[in-house]
file model05.tsv (TSV, C-alpha atoms and all ligand atoms)
chain	number	residue	atom	x	y	z
A	1237	MET	CA	84.25	72.24	165.03
A	1238	ALA	CA	86.89	74.82	166.00
A	1239	SER	CA	89.76	72.66	164.71
A	1240	PHE	CA	87.83	72.02	161.55
A	1241	GLY	CA	87.44	75.80	161.22
A	1242	SER	CA	91.19	76.48	161.61
A	1243	ALA	CA	92.00	73.73	159.13
A	1244	THR	CA	89.68	75.45	156.71
A	1245	LYS	CA	91.52	78.72	157.35
A	1246	VAL	CA	94.89	77.07	156.68
A	1247	ILE	CA	93.61	75.63	153.45
A	1248	TYR	CA	92.14	79.01	152.57
A	1249	PHE	CA	95.50	80.71	153.17
A	1250	LEU	CA	97.32	78.06	151.21
A	1251	ALA	CA	94.88	78.60	148.37
A	1252	ILE	CA	95.55	82.34	148.41
A	1253	ILE	CA	99.31	81.82	148.45
A	1254	LEU	CA	99.11	79.24	145.68
A	1255	SER	CA	96.89	81.42	143.58
A	1256	SER	CA	99.14	84.42	144.01
A	1257	LEU	CA	102.14	82.28	143.03
A	1258	THR	CA	100.25	81.01	140.03
A	1259	ASN	CA	99.18	84.54	139.10
A	1260	SER	CA	102.71	85.83	139.26
A	1261	SER	CA	104.01	83.00	137.11
A	1262	ILE	CA	101.18	83.66	134.63
A	1263	SER	CA	101.93	87.36	134.44
A	1264	GLU	CA	105.58	86.53	133.80
A	1265	SER	CA	104.71	84.11	131.03
A	1266	THR	CA	102.35	86.61	129.32
A	1267	ASP	CA	105.04	89.26	129.45
A	1268	PRO	CA	107.75	88.07	127.01
A	1269	THR	CA	108.89	90.09	124.05
A	1270	PRO	CA	105.94	90.46	121.66
A	1271	THR	CA	106.22	88.74	118.31
A	1272	PRO	CA	104.61	90.01	115.10
A	1273	THR	CA	101.28	88.48	114.22
A	1274	PRO	CA	101.69	86.38	111.05
A	1275	TRP	CA	99.85	87.73	108.03
A	1276	PRO	CA	96.53	86.08	107.28
A	1277	PRO	CA	96.91	83.86	104.19
A	1278	GLN	CA	94.64	86.19	102.23
A	1279	PHE	CA	93.88	89.85	102.74
A	1280	HIS	CA	93.26	93.11	100.96
A	1281	SER	CA	94.69	96.40	102.10
A	1282	ILE	CA	94.36	99.89	100.73
A	1283	MET	CA	97.60	101.66	101.50
A	1284	ILE	CA	99.02	105.12	101.10
A	1285	TYR	CA	102.69	105.17	100.29
A	1286	ASN	CA	104.92	108.16	100.75
A	1287	THR	CA	108.39	107.81	99.31
A	1288	SER	CA	110.33	110.98	100.11
A	1289	GLY	CA	107.23	113.05	99.41
A	1290	THR	CA	106.04	111.13	96.32
A	1291	LEU	CA	102.60	109.73	97.04
A	1292	GLN	CA	100.73	106.73	95.69
A	1293	ILE	CA	97.77	104.59	96.68
A	1294	ASN	CA	98.32	100.84	96.58
A	1295	SER	CA	95.54	98.35	96.56
A	1296	LEU	CA	97.35	95.29	97.87
A	1297	TRP	CA	95.92	91.82	97.37
A	1298	TYR	CA	97.92	89.18	99.21
A	1299	ASP	CA	96.95	85.63	98.29
A	1300	TYR	CA	99.41	83.12	99.70
A	1301	PRO	CA	97.43	79.89	99.06
A	1302	LYS	CA	97.31	80.78	95.37
A	1303	GLY	CA	100.94	81.93	95.39
A	1304	ARG	CA	100.32	85.48	94.20
A	1305	ASN	CA	100.57	89.08	95.30
A	1306	PHE	CA	99.12	92.09	93.50
A	1307	ASN	CA	99.79	95.78	93.97
A	1308	ILE	CA	97.44	97.97	91.99
A	1309	ILE	CA	99.07	101.37	92.15
A	1310	GLN	CA	97.68	104.83	91.58
A	1311	ARG	CA	100.52	107.32	91.44
A	1312	GLN	CA	99.41	110.80	92.41
A	1313	LEU	CA	97.91	112.47	89.31
A	1314	GLY	CA	99.80	109.88	87.32
A	1315	GLU	CA	99.72	106.40	85.97
A	1316	HIS	CA	97.67	103.48	87.14
A	1317	VAL	CA	100.17	100.64	87.34
A	1318	TYR	CA	99.61	96.94	87.94
A	1319	ASP	CA	102.33	94.99	89.71
A	1320	LEU	CA	101.45	91.29	89.67
A	1321	GLU	CA	103.82	88.84	91.33
A	1322	TRP	CA	103.74	85.05	91.20
A	1323	ASN	CA	105.43	82.69	93.62
A	1324	ASN	CA	107.36	81.08	90.74
A	1325	GLY	CA	109.40	84.30	90.55
A	1326	THR	CA	107.70	85.85	87.52
A	1327	SER	CA	106.35	89.37	87.95
A	1328	PHE	CA	104.45	91.53	85.50
A	1329	ILE	CA	104.37	95.30	85.74
A	1330	TYR	CA	101.94	96.82	83.28
A	1331	THR	CA	99.45	99.51	82.46
A	1332	LEU	CA	96.01	98.85	81.04
A	1333	ASP	CA	95.85	102.11	79.10
A	1334	ALA	CA	96.50	102.79	75.42
A	1335	ASN	CA	100.28	102.77	76.01
A	1336	LYS	CA	100.11	99.02	76.70
A	1337	LYS	CA	103.29	98.99	78.71
A	1338	CYS	CA	104.46	95.76	80.26
A	1339	GLN	CA	107.67	94.59	81.88
A	1340	THR	CA	108.13	90.93	82.69
A	1341	LEU	CA	110.67	90.36	85.44
A	1342	LYS	CA	112.11	87.09	86.69
A	1343	PHE	CA	113.31	86.74	90.25
A	1344	ASP	CA	114.83	83.89	92.21
A	1345	VAL	CA	112.27	84.42	94.94
A	1346	GLY	CA	108.52	84.45	95.08
A	1347	ILE	CA	106.19	86.30	97.41
A	1348	LEU	CA	106.42	86.96	101.13
A	1349	THR	CA	105.39	84.13	103.41
A	1350	PRO	CA	102.80	84.89	106.11
A	1351	ASN	CA	105.48	84.60	108.80
A	1352	PHE	CA	108.15	86.62	107.00
A	1353	LEU	CA	108.64	88.71	110.14
A	1354	HIS	CA	109.59	85.70	112.22
A	1355	GLY	CA	112.72	86.51	114.19
A	1356	ALA	CA	112.34	90.27	113.76
A	1357	HIS	CA	114.01	92.47	116.35
A	1358	TYR	CA	111.54	94.06	118.79
A	1359	LEU	CA	112.00	97.80	119.24
A	1360	GLY	CA	109.25	98.51	121.77
A	1361	GLN	CA	106.07	100.57	121.51
A	1362	ARG	CA	105.57	103.75	119.53
A	1363	THR	CA	102.59	105.71	118.37
A	1364	MET	CA	102.21	105.70	114.59
A	1365	ASP	CA	99.41	107.40	112.66
A	1366	GLY	CA	97.62	107.80	116.00
A	1367	PHE	CA	97.76	104.10	116.94
A	1368	LEU	CA	99.83	102.66	119.77
A	1369	CYS	CA	101.97	100.02	118.07
A	1370	ASN	CA	104.49	97.33	118.76
A	1371	VAL	CA	107.43	97.91	116.44
A	1372	TRP	CA	109.88	95.44	114.94
A	1373	GLU	CA	112.79	95.75	112.57
A	1374	LYS	CA	114.11	93.02	110.31
A	1375	VAL	CA	117.47	92.82	108.51
A	1376	ASP	CA	117.75	96.63	108.49
A	1377	PHE	CA	115.21	96.48	105.72
A	1378	ILE	CA	111.75	96.88	107.14
A	1379	TRP	CA	110.30	98.61	110.20
A	1380	TYR	CA	106.91	97.13	110.98
A	1381	TYR	CA	104.22	98.73	113.16
A	1382	GLU	CA	101.39	96.59	114.52
A	1383	ASP	CA	98.45	97.88	116.56
A	1384	VAL	CA	98.92	96.75	120.17
A	1385	VAL	CA	95.20	96.11	120.66
A	1386	THR	CA	93.91	94.73	117.34
A	1387	LYS	CA	97.24	93.20	116.17
A	1388	ARG	CA	96.61	94.63	112.71
A	1389	PRO	CA	99.48	96.17	110.78
A	1390	VAL	CA	99.29	99.95	110.76
A	1391	HIS	CA	102.43	100.97	108.97
A	1392	TRP	CA	105.69	99.77	107.49
A	1393	THR	CA	108.77	101.57	106.30
A	1394	PHE	CA	111.43	100.19	104.01
A	1395	TYR	CA	115.07	101.08	104.47
A	1396	ASN	CA	114.91	103.39	101.43
A	1397	GLY	CA	112.35	105.62	103.13
A	1398	MET	CA	109.31	104.16	101.39
A	1399	GLU	CA	106.57	104.46	103.99
A	1400	GLY	CA	103.29	102.57	103.73
A	1401	HIS	CA	100.23	103.49	105.79
A	1402	LEU	CA	97.50	100.85	105.91
A	1403	MET	CA	94.07	102.44	105.53
A	1404	THR	CA	92.08	99.17	105.39
A	1405	PHE	CA	92.91	95.60	106.31
A	1406	GLU	CA	90.30	93.12	105.11
A	1407	VAL	CA	91.25	89.67	106.34
A	1408	GLY	CA	90.15	86.90	103.97
A	1409	ALA	CA	89.34	89.22	101.06
A	1410	VAL	CA	90.22	87.61	97.72
A	1411	LEU	CA	90.40	89.19	94.29
A	1412	GLU	CA	88.60	87.14	91.65
A	1413	ASP	CA	90.82	84.95	89.42
A	1414	ALA	CA	90.01	86.82	86.20
A	1415	LYS	CA	91.64	89.97	87.59
A	1416	TRP	CA	94.98	88.18	87.97
A	1417	GLN	CA	95.43	87.78	84.23
A	1418	ALA	CA	98.25	89.87	82.82
A	1419	PRO	CA	97.30	91.43	79.45
A	1420	VAL	CA	98.24	89.69	76.22
A	1421	TYR	CA	100.95	92.23	75.37
A	1422	CYS	CA	102.94	90.97	78.36
A	1423	PHE	CA	103.37	87.70	76.46
A	1424	GLU	CA	104.29	89.16	73.09
A	1425	SER	CA	107.95	89.48	72.21
A	1426	GLY	CA	109.29	92.48	73.98
A	1427	GLU	CA	111.50	93.39	76.81
A	1428	GLN	CA	112.10	90.35	78.98
A	1429	THR	CA	114.44	90.44	81.89
A	1430	ASP	CA	115.82	87.17	83.03
A	1431	ASP	CA	118.26	87.95	85.77
A	1432	SER	CA	118.81	90.54	88.40
A	1433	SER	CA	121.95	92.01	86.79
A	1434	GLN	CA	119.82	93.06	83.84
A	1435	LEU	CA	117.14	94.03	86.27
A	1436	ASN	CA	119.39	96.64	87.79
A	1437	SER	CA	119.49	98.53	84.52
A	1438	VAL	CA	115.75	98.20	84.06
A	1439	VAL	CA	115.03	99.74	87.43
A	1440	ASP	CA	117.56	102.56	87.35
A	1441	ASN	CA	114.64	104.81	86.61
A	1442	SER	CA	112.52	105.05	89.72
A	1443	GLY	CA	109.02	103.66	89.71
A	1444	PRO	CA	107.06	100.52	90.45
A	1445	ALA	CA	109.80	98.27	89.07
A	1446	GLU	CA	112.25	99.76	91.51
A	1447	ASP	CA	109.80	99.28	94.38
A	1448	LEU	CA	109.28	95.70	93.31
A	1449	PHE	CA	113.00	95.11	93.07
A	1450	LYS	CA	113.41	96.36	96.63
A	1451	ARG	CA	110.67	94.09	97.92
A	1452	LYS	CA	112.35	91.16	96.16
A	1453	MET	CA	115.66	92.09	97.74
A	1454	LEU	CA	113.90	91.99	101.08
A	1455	ILE	CA	112.48	88.54	100.39
A	1456	GLN	CA	115.87	87.36	99.20
A	1457	ARG	CA	117.52	88.58	102.38
A	1458	LEU	CA	114.82	87.11	104.57
A	1459	LYS	CA	115.35	83.75	102.90
A	1460	GLU	CA	119.09	83.90	103.48
A	1461	LEU	CA	118.55	84.10	107.24
B	1	LIG	C1	105.78	112.50	102.99
B	1	LIG	O1	107.05	112.33	103.60
B	1	LIG	C2	107.81	113.52	103.68
B	1	LIG	C3	109.14	113.17	104.28
B	1	LIG	O2	109.83	112.31	103.43
B	1	LIG	C4	107.07	114.54	104.53
B	1	LIG	O3	107.79	115.75	104.56
B	1	LIG	C5	105.69	114.77	103.93
B	1	LIG	O4	104.96	115.61	104.81
B	1	LIG	C6	104.94	113.48	103.76
B	1	LIG	N1	103.68	113.71	103.07
B	1	LIG	C7	102.51	113.25	103.50
B	1	LIG	C8	101.32	113.59	102.69
B	1	LIG	O5	102.43	112.59	104.50
B	2	LIG	C1	104.64	81.78	86.62
B	2	LIG	O1	103.24	81.74	86.76
B	2	LIG	C2	102.54	82.68	85.95
B	2	LIG	C3	101.06	82.54	86.27
B	2	LIG	O2	100.63	81.24	86.14
B	2	LIG	C4	102.84	82.44	84.49
B	2	LIG	O3	102.19	83.40	83.67
B	2	LIG	C5	104.34	82.50	84.26
B	2	LIG	O4	104.66	82.21	82.93
B	2	LIG	C6	105.05	81.53	85.19
B	2	LIG	N1	106.48	81.66	85.04
B	2	LIG	C7	107.28	80.63	84.85
B	2	LIG	C8	108.74	80.93	84.72
B	2	LIG	O5	106.87	79.49	84.75

call {"tool": "encode", "arguments": {"input": "model05.tsv", "output": "structure tokens"}}
result
Amino acid sequence: MASFGSATKVIYFLAIILSSLTNSSISESTDPTPTPTPWPPQFHSIMIYNTSGTLQINSLWYDYPKGRNFNIIQRQLGEHVYDLEWNNGTSFIYTLDANKKCQTLKFDVGILTPNFLHGAHYLGQRTMDGFLCNVWEKVDFIWYYEDVVTKRPVHWTFYNGMEGHLMTFEVGAVLEDAKWQAPVYCFESGEQTDDSSQLNSVVDNSGPAEDLFKRKMLIQRLKEL
């Protein structure tokens, strides 16, 4: 009985040692550099953008399965602008007011993929907008802040100082198809821009087209990696 008891003790000790070894290897393997959570295929986010003190609210509809991305922009005490991007490279920037403005832009790239941050450079943890975040940087173009606990994006900054604060993040929210229809005056003869050299002149004046151009430059650079 006594020998049986000591054998039990040996096994017990072995079990403790093994479990502590296992625990330490587990804590090592859960400790590697954090990677950004891929975007959900579809979401809606209300964002506040501050670009060097110029404010706007963006209602962002990301819809990867349907190959489209929509920024509905309210510039502070200014225009309501619609920035509709398709994965085939065509983007429409328009107003729905009496001015009936529309620019059709053609890019070589479509919309961001859900894992566009893959391979981003981890910068550690910082508090942003009151949330403790993991922070990554990619191609000196975007700084991306993700809530450590919920893994939701909190904030991103583009290299040009354009800072977006996410106020809502509704995973799976989809804007109805009818809302993705550019107005008829986008398809009437008018200003059409077919390559990025022309685009440069179109976006010399700041505004949504310039923001769009910068996002497309980001996508282009991400694709070159
Ligand atoms: C916007 O950003 C500027 C710095 O570029 C800052 O001085 C200003 O306080 C910000 N405005 C808001 C409302 O956050
Ligand atoms: C891209 O898709 C949109 C939406 O279907 C369409 O309006 C546009 O003409 C397309 N562009 C090209 C170059 O096919």

call {"tool": "residues_near_ligand", "arguments": {"input": "model05.tsv", "ligand": "ligand LIG 1 (chain B)", "cutoff": "9 Å", "atoms": "all atoms listed in the file", "output": "list of chain:residue names"}}
result
A:Ile1284, A:Tyr1285, A:Asn1286, A:Thr1287, A:Ser1288, A:Gly1289, A:Thr1290, A:Leu1291, A:Gly1397, A:Met1398, A:Glu1399

call {"tool": "residues_near_point", "arguments": {"input": "model05.tsv", "point": "(100.2, 104.8, 119.3)", "cutoff": "12 Å", "atoms": "all atoms listed in the file", "output": "number ranges by chain"}}
result
A: 1360-1371, 1381-1385, 1390-1391

call {"tool": "closest_atom_pairs", "arguments": {"input": "model05.tsv", "of": "chain A", "to": "ligand LIG 2 (chain B)", "cutoff": "9 Å", "atoms": "all atoms listed in the file", "output": "JSON lines"}}
result
{"residue": "A:Gly1303", "atom": "CA", "partner": "B:LIG2", "partner_atom": "O1", "distance": 8.9}
{"residue": "A:Arg1304", "atom": "CA", "partner": "B:LIG2", "partner_atom": "C3", "distance": 8.5}
{"residue": "A:Glu1321", "atom": "CA", "partner": "B:LIG2", "partner_atom": "C2", "distance": 8.3}
{"residue": "A:Trp1322", "atom": "CA", "partner": "B:LIG2", "partner_atom": "O1", "distance": 5.6}
{"residue": "A:Asn1323", "atom": "CA", "partner": "B:LIG2", "partner_atom": "C1", "distance": 7.1}
{"residue": "A:Asn1324", "atom": "CA", "partner": "B:LIG2", "partner_atom": "C1", "distance": 5.0}
{"residue": "A:Gly1325", "atom": "CA", "partner": "B:LIG2", "partner_atom": "C1", "distance": 6.7}
{"residue": "A:Thr1326", "atom": "CA", "partner": "B:LIG2", "partner_atom": "N1", "distance": 5.0}
{"residue": "A:Ser1327", "atom": "CA", "partner": "B:LIG2", "partner_atom": "C1", "distance": 7.9}
{"residue": "A:Phe1328", "atom": "CA", "partner": "B:LIG2", "partner_atom": "O3", "distance": 8.6}
{"residue": "A:Lys1342", "atom": "CA", "partner": "B:LIG2", "partner_atom": "C8", "distance": 7.3}
{"residue": "A:Trp1416", "atom": "CA", "partner": "B:LIG2", "partner_atom": "C3", "distance": 8.5}
{"residue": "A:Gln1417", "atom": "CA", "partner": "B:LIG2", "partner_atom": "C3", "distance": 8.0}
{"residue": "A:Ala1418", "atom": "CA", "partner": "B:LIG2", "partner_atom": "O3", "distance": 7.6}
{"residue": "A:Phe1423", "atom": "CA", "partner": "B:LIG2", "partner_atom": "O3", "distance": 8.5}

call {"tool": "residues_around", "arguments": {"input": "model05.tsv", "residues": "Leu1353 of chain A", "least_positions_apart": "2", "cutoff": "8 Å", "atoms": "only C-alpha atoms", "output": "ChimeraX atom specification"}}
result
/A:1272,1274,1351,1355-1356,1374

call {"tool": "atom_distance", "arguments": {"input": "model05.tsv", "atom1": "atom CA of Leu1320 of chain A", "atom2": "atom CA of Val1407 of chain A"}}
result
19.6 Å

call {"tool": "closest_residue", "arguments": {"input": "model05.tsv", "among": "A:Thr1393, A:Thr1349, A:Thr1271, A:Thr1404", "to": "Gln1456 of chain A", "atoms": "all atoms listed in the file"}}
result
A:Thr1349

call {"tool": "atom_distance", "arguments": {"input": "model05.tsv", "atom1": "atom CA of Phe1405 of chain A", "atom2": "atom CA of His1280 of chain A"}}
result
5.9 Å

call {"tool": "atom_distance", "arguments": {"input": "model05.tsv", "atom1": "atom CA of Phe1343 of chain A", "atom2": "atom CA of Tyr1358 of chain A"}}
result
29.5 Å

call {"tool": "residues_around", "arguments": {"input": "model05.tsv", "residues": "Asn1294 of chain A", "least_positions_apart": "3", "cutoff": "7 Å", "atoms": "all atoms listed in the file", "output": "short mmCIF file (atom, residue, chain, number, x, y, z; two decimals) with C-alpha atoms, in the coordinates of the input"}}
result
data_model
loop_
_atom_site.label_atom_id
_atom_site.label_comp_id
_atom_site.auth_asym_id
_atom_site.auth_seq_id
_atom_site.Cartn_x
_atom_site.Cartn_y
_atom_site.Cartn_z
CA ILE A 1282 94.36 99.89 100.73
CA MET A 1283 97.60 101.66 101.50
CA ILE A 1284 99.02 105.12 101.10
CA ASN A 1307 99.79 95.78 93.97
CA ILE A 1308 97.44 97.97 91.99
CA ILE A 1309 99.07 101.37 92.15
CA GLN A 1310 97.68 104.83 91.58
#

call {"tool": "closest_residue", "arguments": {"input": "model05.tsv", "among": "A:Ile1293, A:Leu1402, A:Ile1378, A:Val1317", "to": "Asn1335 of chain A", "atoms": "all atoms listed in the file"}}
result
A:Val1317

call {"tool": "closest_residue", "arguments": {"input": "model05.tsv", "among": "A:Tyr1421, A:Ile1329, A:Leu1313, A:Gly1408", "to": "Leu1341 of chain A", "atoms": "only C-alpha atoms"}}
result
A:Ile1329

call {"tool": "closest_residue", "arguments": {"input": "model05.tsv", "among": "A:His1354, A:His1401, A:Arg1451, A:Lys1336", "to": "Glu1424 of chain A", "atoms": "all atoms listed in the file"}}
result
A:Lys1336

call {"tool": "closest_residue", "arguments": {"input": "model05.tsv", "among": "A:Val1375, A:Leu1411, A:Ile1455, A:Ala1445", "to": "Asp1319 of chain A", "atoms": "all atoms listed in the file"}}
result
A:Ala1445
